[in-house]
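So the structure is just underneath, and the comments pick up after that.
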Amino acid sequence: MPMGGPWRAALVGVLPVDRIIMHVDMNAFFASVEQQADPSLRGRPVLVSGDPQGRSVVSAASYEARPFGVRAGMPLVTARRLCPGAVIVRARHREYARVSHQILAILRTYTPLVEPYSIDEAFLDLTGCEKVSGPPREAALAIKRAIHAATGLTCSIGIAPNRFLAKMASDLQKPDGLVVLESSDVPRLLWPLPVTRLFGVGEKTAERLRSLGIVTIGALAQMPAALLQQRLGPGAGRLVELAWGRDVTPVESEGAGAKSISHEVTLPVDTADESRLQELVLDMSDRVARRVRRAGLQGRTVEIKLRNAKFQTIVRSRTLDGPTQLSEDIYAACLKLLDQHWDRSPVRLVGVSLSQLTGAGHGQLHFPDGRERQRKLAAVTDAIRERFGEDSLVRARLLSPRKPEGEPS
Ligand SMILES: [Mg+2]
């Protein structure tokens, strides 16, 4: 695609002007909600678990339990052994969702640009909101007070010029933190940290970096981008950008006003492997569908975005017969689009989006028999993922053996 006309205009739109981005992260969310509900649990190690009797895992550990080495995701048996004095509480997900909505409603009084990131995290874009919300640090203190007054809970807040740094900032002080991170703080505060702490960098990429002898974020920042790209593929340039604290990802609010809900990834290594692409598209269809359901929406137009190694981007869409909030429908449409429009050249970025969004009130969606079952299954899947995290359920398709990334097919 030539770099003129509307494409150029779109690029100007994402230039990193001074933005004020905030990341709000609730502290030990499920466990703290339980400690608020039952004062006898306060000050004591609390483990929240789906099924306290069965062979379950810890979905949340209170701060009192953490010095014992207990972490979310750990088998309950192990956690009990490490911290025999812990009180084990059965998870109440409806209650956590209710409190989460209460918190989001508070955040939306500071800016309309609120992006729920998980049940206990959100990004806010406060750029231009100073007249309403005050200087960022004041706004953060007010938000902490308002959340505490309404729910009794504490949170850690990061404020920075972009989304990536805001997330890194909230991570620096827990619990009940408030960290303002400027780009100039990056060498002092982020560079000593291990690459595993980089937000948005998966375990696999971190492993590849470590195999190149890059252990800290600082070491990554000092890597010549060209050399890293030679080893890991063109996508690796983004890693160096992150190590310098540069990120232009926008904060995207959801709800009735949203035009589309999308998810995209830049691959650490370009790929021309069709099954790998299909896996990525399935994973993203899942994520998009889940966000659509969480926002109480359904959508009719499925769009796929592919960017090749030369930074040429194509966007192609299909409009479905009716609106959907199921990943199966989104995935099926994406596969057809891939089939028709992908020229088999190596891909560096893949995106999936659903647009023409409308509200999905109860009773508005009519599925033929099998589809009603799929819809119920999707609701169960969502609940499990909120409880145990993103990787708790992996579709069989994603587990199939495949060639390592970057190998020519
Ligand atoms: Mg949290």
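Ordering of the structure tokens sets the chain letters (A, B, ...); residue numbers start at 1 within each chain; ligands are numbered from 1 in the order shown.
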Selection as a list in words: residues within 6 Å of ligand 1 by only C-alpha atoms and all ligand atoms: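 I would give the residues around ligand 1 as Asp25, Met26, Asn27, Ala28, Phe29 and Asp120 of chain A.
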Expected file: the selected residues, all heavy atoms, as an mmCIF file, in the first residue's frame:
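Contents of out-v7.cif, as written:
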```
data_model
loop_
_atom_site.group_PDB
_atom_site.id
_atom_site.type_symbol
_atom_site.label_atom_id
_atom_site.label_comp_id
_atom_site.auth_asym_id
_atom_site.auth_seq_id
_atom_site.Cartn_x
_atom_site.Cartn_y
_atom_site.Cartn_z
ATOM 1 N N ASP A 25 -4.900 -1.002 38.623
ATOM 2 C CA ASP A 25 -4.818 -2.442 38.873
ATOM 3 C C ASP A 25 -5.243 -2.712 40.318
ATOM 4 O O ASP A 25 -4.594 -2.270 41.259
ATOM 5 C CB ASP A 25 -3.364 -2.895 38.637
ATOM 6 C CG ASP A 25 -3.222 -4.414 38.711
ATOM 7 O OD1 ASP A 25 -4.231 -5.105 38.930
ATOM 8 O OD2 ASP A 25 -2.083 -4.887 38.545
ATOM 9 N N MET A 26 -6.352 -3.428 40.483
ATOM 10 C CA MET A 26 -6.831 -3.726 41.839
ATOM 11 C C MET A 26 -5.870 -4.711 42.510
ATOM 12 O O MET A 26 -5.346 -5.606 41.872
ATOM 13 C CB MET A 26 -8.239 -4.323 41.797
ATOM 14 C CG MET A 26 -9.284 -3.423 41.152
ATOM 15 S SD MET A 26 -9.339 -1.750 41.839
ATOM 16 C CE MET A 26 -9.805 -2.104 43.534
ATOM 17 N N ASN A 27 -5.654 -4.537 43.804
ATOM 18 C CA ASN A 27 -4.704 -5.377 44.531
ATOM 19 C C ASN A 27 -5.381 -6.643 45.051
ATOM 20 O O ASN A 27 -6.383 -6.551 45.768
ATOM 21 C CB ASN A 27 -4.101 -4.599 45.702
ATOM 22 C CG ASN A 27 -3.391 -3.314 45.270
ATOM 23 O OD1 ASN A 27 -3.601 -2.258 45.847
ATOM 24 N ND2 ASN A 27 -2.553 -3.400 44.238
ATOM 25 N N ALA A 28 -4.812 -7.799 44.717
ATOM 26 C CA ALA A 28 -5.333 -9.106 45.180
ATOM 27 C C ALA A 28 -6.864 -9.116 45.140
ATOM 28 O O ALA A 28 -7.537 -9.387 46.133
ATOM 29 C CB ALA A 28 -4.832 -9.402 46.597
ATOM 30 N N PHE A 29 -7.424 -8.808 43.960
ATOM 31 C CA PHE A 29 -8.830 -8.434 43.830
ATOM 32 C C PHE A 29 -9.811 -9.394 44.509
ATOM 33 O O PHE A 29 -10.538 -8.994 45.425
ATOM 34 C CB PHE A 29 -9.157 -8.259 42.345
ATOM 35 C CG PHE A 29 -10.551 -7.768 42.083
ATOM 36 C CD1 PHE A 29 -11.026 -6.608 42.695
ATOM 37 C CD2 PHE A 29 -11.396 -8.442 41.206
ATOM 38 C CE1 PHE A 29 -12.308 -6.144 42.450
ATOM 39 C CE2 PHE A 29 -12.677 -7.983 40.950
ATOM 40 C CZ PHE A 29 -13.135 -6.837 41.572
ATOM 41 N N ASP A 120 -9.967 -6.998 36.823
ATOM 42 C CA ASP A 120 -9.472 -6.098 37.872
ATOM 43 C C ASP A 120 -8.445 -5.076 37.377
ATOM 44 O O ASP A 120 -7.682 -4.533 38.159
ATOM 45 C CB ASP A 120 -8.893 -6.918 39.040
ATOM 46 C CG ASP A 120 -7.533 -7.502 38.719
ATOM 47 O OD1 ASP A 120 -7.292 -7.827 37.549
ATOM 48 O OD2 ASP A 120 -6.714 -7.625 39.641
#
```
All strand (DSSP E) residues (DSSP, backbone) inside stretch 153-337 of chain A, as a PyMOL selection string: chain A and resi 155-160+178-180+260-271+297-308+313-324
Polymer residues at most 9 Å from stretch 233-236 of chain A, only C-alpha atoms, same-chain spacing of 2 or more positions, as a PyMOL selection string: chain A and resi 225-226+228-231+238-241+266-270+309+348-349+406
Take the residues from that selection and put them in a file with C-alpha atoms, as a short mmCIF file (atom, residue, chain, number, x, y, z; two decimals), in the first residue's frame.
```cif
data_model
loop_
_atom_site.label_atom_id
_atom_site.label_comp_id
_atom_site.auth_asym_id
_atom_site.auth_seq_id
_atom_site.Cartn_x
_atom_site.Cartn_y
_atom_site.Cartn_z
CA ALA A 225 17.54 -3.28 16.34
CA ALA A 226 19.01 -4.57 13.08
CA LEU A 228 17.92 -8.38 16.90
CA GLN A 229 15.76 -8.41 13.77
CA GLN A 230 18.33 -10.60 12.08
CA ARG A 231 18.00 -13.11 14.93
CA ARG A 238 9.07 -3.44 18.55
CA LEU A 239 10.80 -5.08 21.50
CA VAL A 240 13.61 -2.54 21.36
CA GLU A 241 11.00 0.25 21.16
CA THR A 266 2.86 -8.24 16.07
CA LEU A 267 4.74 -11.51 15.75
CA PRO A 268 8.21 -11.82 17.25
CA VAL A 269 9.14 -13.65 14.05
CA ASP A 270 7.41 -13.29 10.67
CA ALA A 309 7.51 -7.80 6.18
CA ARG A 348 4.47 -9.73 10.70
CA LEU A 349 1.14 -8.54 12.11
CA GLY A 406 10.51 -18.57 11.64
#
```
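Taking atom CA of A:Gly158 and atom CA of A:Glu203 as endpoints, the distance between them is 23.1 Å.
Shortest separation to A:Ser62 among A:Pro175, A:Gly134, A:Gly200, A:Gly50 occurs at residue A:Pro175, atoms counted being only C-alpha atoms.
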Backbone-only DSSP, helix (DSSP H, G or I) members of stretch 84-200 of chain A, as a ChimeraX atom specification: /A:93-107,130-133,136-151,163-172,183-189,195-197
Among the residues A:Asp343, A:Asp176, A:Glu252, A:Asp247, the one that comes closest to A:Pro161 [using only C-alpha atoms]: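 Nearest candidate to A:Pro161 out of A:Asp343, A:Asp176, A:Glu252, A:Asp247: A:Asp247.
Here atom CA of A:Phe311 and atom CA of A:Ser345 stand 11.7 Å from one another.
Counting only C-alpha atoms and comparing A:Ala122, A:Leu104, A:Val57, A:Ile88, the residue that lies closest to A:Leu41 is A:Ile88.
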Surrounding residues of stretch 75-87 of chain A excluding itself and chain neighbours under 5 positions, 10 Å, only C-alpha atoms, as a list of chain:residue names: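 That gives A:Leu41, A:Arg44, A:Pro45, A:Val46, A:Leu47, A:Val48, A:Ser49, A:Gly50, A:Asp51, A:Pro52, A:Gln53, A:Gly54, A:Arg55, A:Ser56, A:Val57, A:Val58, A:Ser59, A:Ala61, A:Ser62, A:Glu64, A:Ala65, A:Arg66, A:Pro67, A:Phe68, A:Gly69, A:Val70.
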Nearest candidate to A:Val315 (options A:Val350, A:Leu172, A:Val281, A:Ala333; using only C-alpha atoms):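 Of A:Val350, A:Leu172, A:Val281, A:Ala333, the one nearest A:Val315 is A:Val350, counting only C-alpha atoms.
Going from atom CA of A:Ser32 to atom CA of A:Leu377 covers 28.9 Å.
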Option closest in space to A:Asp321, from A:Val302, A:Ala272, A:Leu280, A:Ala142 [counting only C-alpha atoms]: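 Counting only C-alpha atoms, the residue closest to A:Asp321 is A:Val302.
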